[in-house]
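What follows is a single structure, written as structure tokens, with notes after it.
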Amino acid sequence: MARVHAYHTTTPEHGAHHGVYHLHDDCPSGKRIKAEHRTSGTGGHRLCEECAELAHSHAYHTSTAEHGSHHDVYHLYEDCPDGRRITPEHRVAGTGRGRLCDKCAEM
């Protein structure tokens, strides 16, 4: 799975998948959008549920207080500056019932 720049479609070709944006190159719904119908950006739409599931399957957090204010958040992306500060021995799979890291949300 690779995260890509946000894209969506403005054509009705995708029915139920119209009105969402995609972030992953292996999203089944996103793959069905023809290259000529892809538009960069979110288009003000919500994130595709399949992309959200793909992202959350890779979520990680820390269960230690070593990261101060970052203790109550989870990360989705390996290149998140705050997520990279979590040492391997303190990295835990899943969301840990935290909120999404602000920097991951902006990525």
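Chains: A, B, ... in order of the structure tokens. Residues: from 1 per chain. Ligands: from 1, in order shown.
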
Report task. Mind checking which residues fall within 12 Å of Pro88 of chain A, counting only C-alpha atoms, ignoring those fewer than 3 positions away in the same chain, and posting them as a VMD selection string? Result -> chain A and resid 60 to 64 83 to 85 91 to 93

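Contact shell of segment 16-25 of chain A at 7 Å (only C-alpha atoms; same-chain neighbours under 4 positions omitted): Met1, Ala2, Arg3, Val4, His5, Ala6, Tyr7, His8, Thr9, Pro12, Ser29, Gly30, Thr42, His45, Arg46, Leu47, Cys48 and Cys51 of chain A.
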
Those same residues - C-alpha atoms - I'd like them written as an mmCIF file, in the first residue's frame.
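Done, and the output landed in again.cif:
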data_model
loop_
_atom_site.group_PDB
_atom_site.id
_atom_site.type_symbol
_atom_site.label_atom_id
_atom_site.label_comp_id
_atom_site.auth_asym_id
_atom_site.auth_seq_id
_atom_site.Cartn_x
_atom_site.Cartn_y
_atom_site.Cartn_z
ATOM 1 C CA MET A 1 0.000 0.000 0.000
ATOM 2 C CA ALA A 2 1.246 3.413 -0.876
ATOM 3 C CA ARG A 3 -0.319 6.674 0.065
ATOM 4 C CA VAL A 4 -0.796 9.004 -2.888
ATOM 5 C CA HIS A 5 -1.911 12.602 -3.278
ATOM 6 C CA ALA A 6 -5.646 12.985 -2.815
ATOM 7 C CA TYR A 7 -7.785 12.520 -5.918
ATOM 8 C CA HIS A 8 -11.463 12.227 -6.779
ATOM 9 C CA THR A 9 -13.746 12.121 -9.788
ATOM 10 C CA PRO A 12 -21.045 10.022 -12.540
ATOM 11 C CA SER A 29 -12.891 1.932 -5.735
ATOM 12 C CA GLY A 30 -10.150 4.395 -6.609
ATOM 13 C CA THR A 42 -10.310 16.219 -2.137
ATOM 14 C CA HIS A 45 -15.621 15.370 -0.314
ATOM 15 C CA ARG A 46 -15.274 12.867 2.509
ATOM 16 C CA LEU A 47 -12.563 10.196 2.535
ATOM 17 C CA CYS A 48 -13.496 6.953 0.799
ATOM 18 C CA CYS A 51 -9.163 4.220 1.897
#

Query raised in the report: In Å, how far is it from atom CA of Leu100 of chain A to atom CA of Tyr74 of chain A?
Result: 5.2 Å

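Put simply, atom CA of Val73 of chain A is 12.8 Å away from atom CA of His56 of chain A.
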
Report task. Using DSSP on the backbone coordinates, identify the residues of chain A assigned to alpha helix (DSSP H); present them as a PyMOL selection string. Result -> chain A and resi 28-31+49-56+102-106

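Across the model, the gap from atom CA of Thr87 of chain A to atom CA of His58 of chain A is 16.4 Å.
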
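DSSP annotation of chain A from backbone atoms: strand (DSSP E) residues are Arg3, Val4, His5, Ala6, Tyr7, His8, Thr9, Val20, Tyr21, His22, Leu23, His24, Arg38, Thr39, Ser40, Arg46, Leu47, Tyr60, His61, Thr62, Val73, Tyr74, His75, Arg91, Val92, Ala93, Arg99 and Leu100 of chain A.
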
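Counting only C-alpha atoms, Thr10 of chain A has the following residues at most 9 Å away, ignoring those fewer than 3 positions along the same chain: Glu13, His18, Gly19, His37, Arg38, Thr39 and Gly43 of chain A.
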
Query - Nearest residue to Asp26 of chain A from the set A:Tyr77, A:Leu54, A:Gly41, A:Ala105 (distances using only C-alpha atoms) - result: A:Leu54

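When only C-alpha atoms are used to measure the gap to Asp72 of chain A, the shortest distance among A:Cys104, A:Arg99, A:Pro28, A:Gly44 belongs to A:Arg99.
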